[in-house]
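S.K.: A single structure is presented below for examination.
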Amino acid sequence: MTGVLVTGGTGKTGSALAGLLRGNGVPVRVASRRPSADVPDAVRFDWDDTATHPAVLRGVDRIFLVPPVNTVDPMPLVGPFLAEAQRLGVRRVVLLGSASVLPNAPSALEMAAQVRSRPGWVVLRASGFMQNFLSPHPVGERILGHGEVRTASGEGAVGWIDARDIAAAACALLTDPDSTPSGRRDYLLTGPKALSYREVAAVITARTGRSVRVVTIGADEQAAHYRAAGMPAEFAAAIAAVEDSIRAGREDQVSTAVLDLTGRAPRTFTAFVQEHATAWADHGRLGH
Ligand SMILES: NC(=O)c1ccc[n+]([C@@H]2O[C@H](COP(=O)([O-])OP(=O)(O)OC[C@H]3O[C@@H](n4cnc5c(N)ncnc54)[C@H](OP(=O)(O)O)[C@@H]3O)[C@@H](O)[C@H]2O)c1
């Protein structure tokens, strides 16, 4: 099979990407720990089960790479996977990375550097997802259950992006694997405008009628909240600490990469909220 292996293929970004690739006539192999019989070319893949790795790589020439989730140390699993992909002559890897640099996580930087070092392989540094404000993300769950966002990020802003715009950017790079516009190997992907949590809460409140307040907490308390939501302790601490960097203004950035790669401007946060308004409003009416 010449086509694209979509890891994380059942997730927010991967499932949107698989749909876009199919729409462009590109053969897709959808990787999942529990491949669905209803999905054509679904294949079993589990980062934690290395016996599943060789078969998913066989025959594909492009990969959308969603690294192991909820870990600060992806390289022990991703390193050998990438080495095998290179050995097999995979022409393009598009890594779904993050605009945030996790503290005490050199392995994630090493992973991105390894991808960037190979001709035709590309790193996407994605800003915070707009979908974080929906279930099942812990931030979305808190809004649904308590009508609040708890954050240590103060008035710091983030260039929130819709995961579907990341998928569209990845689709452009994976559909034509021999061209990398301007030879770039690294793209910061953001939405059109950076917003603080307070501004986000105001948009949700105004557009859905569901009142959302912002409660200021410390990074330690945030880490405890993420642990309670099921994240491993080290990872929970790292992503809670990112809020310090948001507060310091380091995530207050927007880029033109989505427009440059896809020819379409990224979705605005207001449009995203409008589209999903019932997800918040209905829950509120039920009195949760
Ligand atoms: N949320 C943000 O603000 C943000 C910002 C920047 C970057 N990111 C990055 O985005 C990535 C997540 O993307 P997403 O939100 O599109 O995904 P998602 O909706 O959270 O879904 C997770 C995907 O990962 C797969 N997965 C989970 N555990 C796996 C394992 N052990 N082996 C193989 N696959 C596994 C799941 O597939 P199955 O369950 O079917 O196996 C699913 O397709 C993460 O790497 C995160 O660092 C997120």
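Ordering of the structure tokens sets the chain letters (A, B, ...), residue numbers begin anew at 1 in every chain, and ligands are numbered from 1 in the order given.
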Taking 4 positions as the minimum chain separation for residues in the same chain, which residues sit within 7 Å of region 121-134 of chain A when counting only C-alpha atoms? Answer as a list in words.
M.R.: Arg92, Val93, Val94, Leu95, Leu96, Gly97, Ser98, Ala99, Ala112, Val115, Arg116, Val139, Gly140, Glu141, Val158, Gly159, Trp160, Ile161, Asp162, Ala163, Arg185, Asp186, Tyr187, Leu188, Leu189 and Thr190 of chain A
S.K.: Compute the set of protein, DNA and RNA residues whose minimum atom distance to ligand 1 is at most 6 Å, using only C-alpha atoms and all ligand atoms, and state it as a list of chain:residue names.
M.R.: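 Taking only C-alpha atoms and all ligand atoms into account, the residues around ligand 1 at most 6 Å away are A:Gly8, A:Gly9, A:Thr10, A:Gly11, A:Lys12, A:Thr13, A:Gly14, A:Ser32, A:Arg33, A:Arg34, A:Phe45, A:Asp46, A:Trp47, A:Asp48, A:Val66, A:Pro67, A:Pro68, A:Val69, A:Gly97, A:Ser98, A:Ala126, A:Ser127, A:Gly128, A:Phe129, A:Asn132.
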S.K.: Please identify the helix (DSSP H, G or I) residues within region 115-241 of chain A (assignment by DSSP from backbone atoms) and present them as a count of residues only.
M.R.: 62
S.K.: Go through A:Ser36, A:Asn70, A:Thr270, A:Thr175 one by one, measure the shortest atom-to-atom distance of each to Leu20 (chain A) using only C-alpha atoms, and give the residue with the smallest value.
M.R.: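 Using only C-alpha atoms, Leu20 (chain A) sits closest to A:Thr175.
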S.K.: What lies within 10 Å of Pro138 (chain A) using only C-alpha atoms, ignoring chain neighbours under 5 positions off, as a compact mmCIF listing (two decimals) with all heavy atoms, in the first residue's frame?
M.R.:
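Everything below was put into selection31.txt:
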```txt
# COMPACT_ATOMS: atom_id res chain seq x y z
N ASN A 132 -10.29 21.42 23.78
CA ASN A 132 -10.03 21.23 25.21
C ASN A 132 -11.21 21.72 26.06
O ASN A 132 -11.38 21.31 27.20
CB ASN A 132 -8.78 21.99 25.67
CG ASN A 132 -7.50 21.43 25.09
OD1 ASN A 132 -7.52 20.44 24.36
ND2 ASN A 132 -6.38 22.06 25.39
N PHE A 133 -12.01 22.63 25.46
CA PHE A 133 -13.13 23.21 26.23
C PHE A 133 -14.40 22.36 26.15
O PHE A 133 -15.43 22.75 26.68
CB PHE A 133 -13.38 24.65 25.76
CG PHE A 133 -12.20 25.54 26.05
CD1 PHE A 133 -11.25 25.79 25.08
CD2 PHE A 133 -12.01 26.05 27.33
CE1 PHE A 133 -10.13 26.57 25.36
CE2 PHE A 133 -10.90 26.82 27.63
CZ PHE A 133 -9.95 27.09 26.64
N ILE A 143 -16.01 22.67 32.98
CA ILE A 143 -17.02 23.65 32.53
C ILE A 143 -18.40 23.01 32.60
O ILE A 143 -19.36 23.61 33.13
CB ILE A 143 -16.72 24.13 31.09
CG1 ILE A 143 -15.44 24.96 31.07
CG2 ILE A 143 -17.89 24.95 30.54
CD1 ILE A 143 -14.97 25.36 29.68
N LEU A 144 -18.50 21.78 32.11
CA LEU A 144 -19.81 21.12 32.09
C LEU A 144 -20.30 20.86 33.51
O LEU A 144 -21.47 21.08 33.83
CB LEU A 144 -19.71 19.79 31.34
CG LEU A 144 -19.51 19.91 29.83
CD1 LEU A 144 -19.35 18.54 29.19
CD2 LEU A 144 -20.69 20.64 29.19
N VAL A 149 -13.67 27.48 34.83
CA VAL A 149 -12.34 27.10 34.36
C VAL A 149 -11.39 27.43 35.49
O VAL A 149 -11.41 28.55 36.00
CB VAL A 149 -11.94 27.90 33.10
CG1 VAL A 149 -10.49 27.61 32.73
CG2 VAL A 149 -12.86 27.59 31.94
N HIS A 225 -5.43 18.32 40.09
CA HIS A 225 -6.69 18.18 39.35
C HIS A 225 -6.49 17.24 38.16
O HIS A 225 -7.30 16.34 37.91
CB HIS A 225 -7.14 19.57 38.92
CG HIS A 225 -8.32 19.59 38.01
ND1 HIS A 225 -9.49 18.91 38.28
CD2 HIS A 225 -8.52 20.22 36.82
CE1 HIS A 225 -10.35 19.11 37.30
NE2 HIS A 225 -9.79 19.90 36.40
N TYR A 226 -5.37 17.43 37.42
CA TYR A 226 -5.11 16.57 36.27
C TYR A 226 -4.84 15.12 36.72
O TYR A 226 -5.26 14.17 36.06
CB TYR A 226 -3.91 17.09 35.46
CG TYR A 226 -4.23 18.32 34.63
CD1 TYR A 226 -3.33 19.39 34.54
CD2 TYR A 226 -5.42 18.41 33.92
CE1 TYR A 226 -3.63 20.51 33.77
CE2 TYR A 226 -5.73 19.53 33.15
CZ TYR A 226 -4.82 20.57 33.08
OH TYR A 226 -5.12 21.67 32.31
N ALA A 228 -6.15 13.73 39.32
CA ALA A 228 -7.47 13.19 39.68
C ALA A 228 -8.26 12.80 38.43
O ALA A 228 -9.10 11.89 38.48
CB ALA A 228 -8.25 14.21 40.50
N ALA A 229 -7.95 13.48 37.30
CA ALA A 229 -8.63 13.14 36.04
C ALA A 229 -7.99 11.94 35.36
O ALA A 229 -8.40 11.54 34.28
CB ALA A 229 -8.59 14.35 35.11
N GLY A 230 -6.94 11.38 36.01
CA GLY A 230 -6.36 10.13 35.50
C GLY A 230 -5.02 10.26 34.82
O GLY A 230 -4.49 9.28 34.29
N MET A 231 -4.44 11.47 34.80
CA MET A 231 -3.13 11.61 34.14
C MET A 231 -2.01 11.13 35.05
O MET A 231 -2.07 11.35 36.26
CB MET A 231 -2.86 13.08 33.79
CG MET A 231 -3.69 13.59 32.64
SD MET A 231 -3.21 15.28 32.27
CE MET A 231 -4.53 15.74 31.14
```
S.K.: Based on DSSP run over this structure's backbone, return all residues of region 35-197 of chain A in strand (DSSP E), as an MDAnalysis selection string.
M.R.: chainID A and resid 42:44 62:65 92:98 122:126 148:151 157:158 186:189 195:196
S.K.: One number please: CA of Thr278 (chain A) to CA of Arg213 (chain A), in Å, one decimal.
M.R.: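 It comes out at 18.2 Å.
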S.K.: As an exercise, work out the distance from CA of Thr256 (chain A) to CA of Ser196 (chain A) in Å and give it to one decimal place.
M.R.: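 So the two atoms, CA of Thr256 (chain A) and CA of Ser196 (chain A), lie 19.6 Å apart.
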S.K.: With a distance cut-off of 12 Å and only C-alpha atoms, select the neighbouring residues of Ser15 (chain A), excluding the residue or stretch itself and same-chain residues fewer than 4 positions from it, and output the selection as a PyMOL selection string.
M.R.: chain A and resi 5-11+19-22+28-32+39+42+64+66+163-164+166-168+170-171
S.K.: Those same residues, written as a compact mmCIF listing (two decimals), in the first residue's frame with N, CA and C atoms?
M.R.:
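See result.txt below for the written result:
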```txt
# COMPACT_ATOMS: atom_id res chain seq x y z
N LEU A 5 -0.20 6.23 6.84
CA LEU A 5 -0.54 5.66 8.14
C LEU A 5 -0.93 6.81 9.06
N VAL A 6 -2.17 6.78 9.56
CA VAL A 6 -2.62 7.83 10.48
C VAL A 6 -2.64 7.24 11.88
N THR A 7 -1.59 7.52 12.67
CA THR A 7 -1.63 7.12 14.08
C THR A 7 -2.56 8.10 14.81
N GLY A 8 -3.08 7.67 15.95
CA GLY A 8 -4.10 8.49 16.60
C GLY A 8 -5.29 8.68 15.67
N GLY A 9 -5.52 7.69 14.82
CA GLY A 9 -6.48 7.84 13.72
C GLY A 9 -7.93 7.91 14.17
N THR A 10 -8.19 7.58 15.44
CA THR A 10 -9.56 7.69 15.96
C THR A 10 -9.73 8.95 16.80
N GLY A 11 -8.65 9.71 16.96
CA GLY A 11 -8.70 10.91 17.80
C GLY A 11 -9.26 12.11 17.05
N GLY A 19 -10.48 11.52 7.14
CA GLY A 19 -11.59 11.91 6.27
C GLY A 19 -11.12 12.81 5.13
N LEU A 20 -10.26 13.76 5.46
CA LEU A 20 -9.77 14.68 4.42
C LEU A 20 -8.91 13.95 3.39
N LEU A 21 -8.05 13.06 3.87
CA LEU A 21 -7.18 12.32 2.94
C LEU A 21 -8.02 11.46 1.99
N ARG A 22 -9.00 10.77 2.58
CA ARG A 22 -9.86 9.93 1.73
C ARG A 22 -10.56 10.78 0.67
N VAL A 28 -5.58 5.43 3.03
CA VAL A 28 -5.32 5.72 4.44
C VAL A 28 -5.34 4.42 5.24
N ARG A 29 -4.41 4.28 6.16
CA ARG A 29 -4.45 3.19 7.13
C ARG A 29 -4.66 3.81 8.51
N VAL A 30 -5.79 3.50 9.14
CA VAL A 30 -6.16 4.12 10.41
C VAL A 30 -5.71 3.23 11.56
N ALA A 31 -4.81 3.77 12.40
CA ALA A 31 -4.27 2.99 13.51
C ALA A 31 -5.05 3.26 14.79
N SER A 32 -5.34 2.17 15.51
CA SER A 32 -6.08 2.29 16.77
C SER A 32 -5.78 1.06 17.63
N VAL A 39 -14.41 0.56 9.89
CA VAL A 39 -13.50 1.53 9.27
C VAL A 39 -12.61 0.80 8.27
N ALA A 42 -8.61 -0.14 8.84
CA ALA A 42 -8.24 0.05 10.25
C ALA A 42 -7.26 -1.04 10.65
N PHE A 64 1.31 10.12 9.60
CA PHE A 64 0.92 11.17 10.54
C PHE A 64 1.17 10.60 11.93
N VAL A 66 1.06 10.71 15.82
CA VAL A 66 0.60 11.18 17.14
C VAL A 66 1.36 10.36 18.16
N ALA A 163 -8.78 21.56 16.18
CA ALA A 163 -8.02 20.37 15.74
C ALA A 163 -8.27 20.07 14.27
N ARG A 164 -9.43 20.47 13.76
CA ARG A 164 -9.72 20.21 12.34
C ARG A 164 -8.83 21.05 11.43
N ILE A 166 -5.71 21.73 12.21
CA ILE A 166 -4.43 20.99 12.23
C ILE A 166 -4.51 19.86 11.20
N ALA A 167 -5.66 19.17 11.20
CA ALA A 167 -5.84 18.08 10.24
C ALA A 167 -5.73 18.59 8.81
N ALA A 168 -6.30 19.76 8.54
CA ALA A 168 -6.25 20.31 7.18
C ALA A 168 -4.81 20.65 6.78
N ALA A 170 -2.11 19.23 8.04
CA ALA A 170 -1.41 17.95 7.87
C ALA A 170 -1.78 17.31 6.54
N CYS A 171 -3.05 17.44 6.17
CA CYS A 171 -3.52 16.85 4.90
C CYS A 171 -2.76 17.47 3.72
```
S.K.: Pick out the closest residue to Gly59 (chain A) from this set: A:Ile246, A:Ala157, A:Val26, A:Leu88. Count only C-alpha atoms.
M.R.: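 Checking each candidate against Gly59 (chain A), we get A:Leu88 as the closest.
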S.K.: Give me, as JSON, numbers by chain, all polymer residues having an atom no more than 7 Å from Val212 (chain A), counting only C-alpha atoms and skipping those fewer than 5 positions away in the same chain.
M.R.: {"A": [143, 147, 148, 201, 205]}
S.K.: Provide the CA of Pro232 (chain A) to CA of Pro74 (chain A) distance in Å, to one decimal place.
M.R.: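 It comes out at 13.6 Å.
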S.K.: Name the closest residue to Ser153 (chain A) among the candidates A:Ala240, A:Ala37, A:Ala233, A:Val200; distances are taken between atoms, counting only C-alpha atoms.
M.R.: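 Nearest candidate to Ser153 (chain A) out of A:Ala240, A:Ala37, A:Ala233, A:Val200: A:Ala240.
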S.K.: My list of candidates is A:Leu259, A:Ala105, A:Ala223, A:Ala152. Which is closest to Asp73 (chain A) when distances are computed with only C-alpha atoms?
M.R.: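 Residue with the minimum atom-to-atom distance to Asp73 (chain A): A:Ala105.
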S.K.: Neighbouring residues of Arg58 (chain A) were defined as those with any atom within 9 Å, considering only C-alpha atoms; residues of the same chain fewer than 2 positions away were excluded. Please report them as JSON, numbers by chain.
M.R.: {"A": [1, 54, 55, 56, 60, 61, 85, 88]}
S.K.: Nearest residue to Met75 (chain A) out of A:Val90, A:Ala51, A:Met111, A:Ala277, using only C-alpha atoms?
M.R.: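 Distance minimum relative to Met75 (chain A) lands on A:Met111.
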S.K.: Skip Gly154 (chain A) itself and residues of its chain fewer than 5 positions away, then list as a PDB file with N, CA, C and O atoms, in the first residue's frame all residues within 10 Å of it, counting only C-alpha atoms.
M.R.:
```
ATOM      1  N   SER A 196      -7.040  34.757  26.336  1.00  0.00           N
ATOM      2  CA  SER A 196      -6.843  34.243  27.690  1.00  0.00           C
ATOM      3  C   SER A 196      -8.036  33.361  28.066  1.00  0.00           C
ATOM      4  O   SER A 196      -9.086  33.407  27.405  1.00  0.00           O
ATOM      5  N   TYR A 197      -7.906  32.603  29.153  1.00  0.00           N
ATOM      6  CA  TYR A 197      -9.032  31.799  29.615  1.00  0.00           C
ATOM      7  C   TYR A 197     -10.224  32.696  29.954  1.00  0.00           C
ATOM      8  O   TYR A 197     -11.371  32.331  29.756  1.00  0.00           O
ATOM      9  N   ARG A 198      -9.934  33.877  30.473  1.00  0.00           N
ATOM     10  CA  ARG A 198     -11.036  34.787  30.813  1.00  0.00           C
ATOM     11  C   ARG A 198     -11.789  35.195  29.542  1.00  0.00           C
ATOM     12  O   ARG A 198     -13.018  35.219  29.525  1.00  0.00           O
ATOM     13  N   VAL A 214     -13.982  32.133  35.753  1.00  0.00           N
ATOM     14  CA  VAL A 214     -12.585  31.704  35.817  1.00  0.00           C
ATOM     15  C   VAL A 214     -12.110  31.791  37.252  1.00  0.00           C
ATOM     16  O   VAL A 214     -12.294  32.824  37.910  1.00  0.00           O
ATOM     17  N   VAL A 215     -11.556  30.702  37.753  1.00  0.00           N
ATOM     18  CA  VAL A 215     -11.053  30.645  39.125  1.00  0.00           C
ATOM     19  C   VAL A 215      -9.539  30.512  39.060  1.00  0.00           C
ATOM     20  O   VAL A 215      -9.018  29.625  38.372  1.00  0.00           O
ATOM     21  N   THR A 216      -8.839  31.406  39.752  1.00  0.00           N
ATOM     22  CA  THR A 216      -7.379  31.359  39.733  1.00  0.00           C
ATOM     23  C   THR A 216      -6.870  30.370  40.778  1.00  0.00           C
ATOM     24  O   THR A 216      -7.262  30.440  41.951  1.00  0.00           O
ATOM     25  N   ILE A 217      -6.041  29.445  40.326  1.00  0.00           N
ATOM     26  CA  ILE A 217      -5.439  28.472  41.245  1.00  0.00           C
ATOM     27  C   ILE A 217      -3.941  28.435  40.978  1.00  0.00           C
ATOM     28  O   ILE A 217      -3.458  29.026  40.011  1.00  0.00           O
ATOM     29  N   GLY A 218      -3.189  27.676  41.785  1.00  0.00           N
ATOM     30  CA  GLY A 218      -1.758  27.520  41.574  1.00  0.00           C
ATOM     31  C   GLY A 218      -1.484  26.309  40.688  1.00  0.00           C
ATOM     32  O   GLY A 218      -2.337  25.435  40.521  1.00  0.00           O
ATOM     33  N   GLU A 243       1.157  26.277  32.405  1.00  0.00           N
ATOM     34  CA  GLU A 243       0.330  27.451  32.689  1.00  0.00           C
ATOM     35  C   GLU A 243       1.171  28.623  33.191  1.00  0.00           C
ATOM     36  O   GLU A 243       0.805  29.784  32.989  1.00  0.00           O
ATOM     37  N   ASP A 244       2.305  28.309  33.841  1.00  0.00           N
ATOM     38  CA  ASP A 244       3.218  29.394  34.232  1.00  0.00           C
ATOM     39  C   ASP A 244       3.760  30.085  32.986  1.00  0.00           C
ATOM     40  O   ASP A 244       3.933  31.302  32.959  1.00  0.00           O
ATOM     41  N   ILE A 246       2.285  30.186  30.084  1.00  0.00           N
ATOM     42  CA  ILE A 246       1.193  30.971  29.477  1.00  0.00           C
ATOM     43  C   ILE A 246       1.086  32.318  30.201  1.00  0.00           C
ATOM     44  O   ILE A 246       0.984  33.378  29.578  1.00  0.00           O
ATOM     45  N   ARG A 247       1.142  32.258  31.544  1.00  0.00           N
ATOM     46  CA  ARG A 247       1.028  33.497  32.330  1.00  0.00           C
ATOM     47  C   ARG A 247       2.128  34.482  31.964  1.00  0.00           C
ATOM     48  O   ARG A 247       1.920  35.695  31.905  1.00  0.00           O
ATOM     49  N   ALA A 248       3.312  33.920  31.642  1.00  0.00           N
ATOM     50  CA  ALA A 248       4.446  34.789  31.286  1.00  0.00           C
ATOM     51  C   ALA A 248       4.365  35.285  29.838  1.00  0.00           C
ATOM     52  O   ALA A 248       5.249  35.994  29.373  1.00  0.00           O
ATOM     53  N   GLY A 249       3.316  34.856  29.105  1.00  0.00           N
ATOM     54  CA  GLY A 249       3.113  35.380  27.750  1.00  0.00           C
ATOM     55  C   GLY A 249       3.766  34.559  26.646  1.00  0.00           C
ATOM     56  O   GLY A 249       3.720  34.944  25.475  1.00  0.00           O
TER      57      GLY A 249
END
```
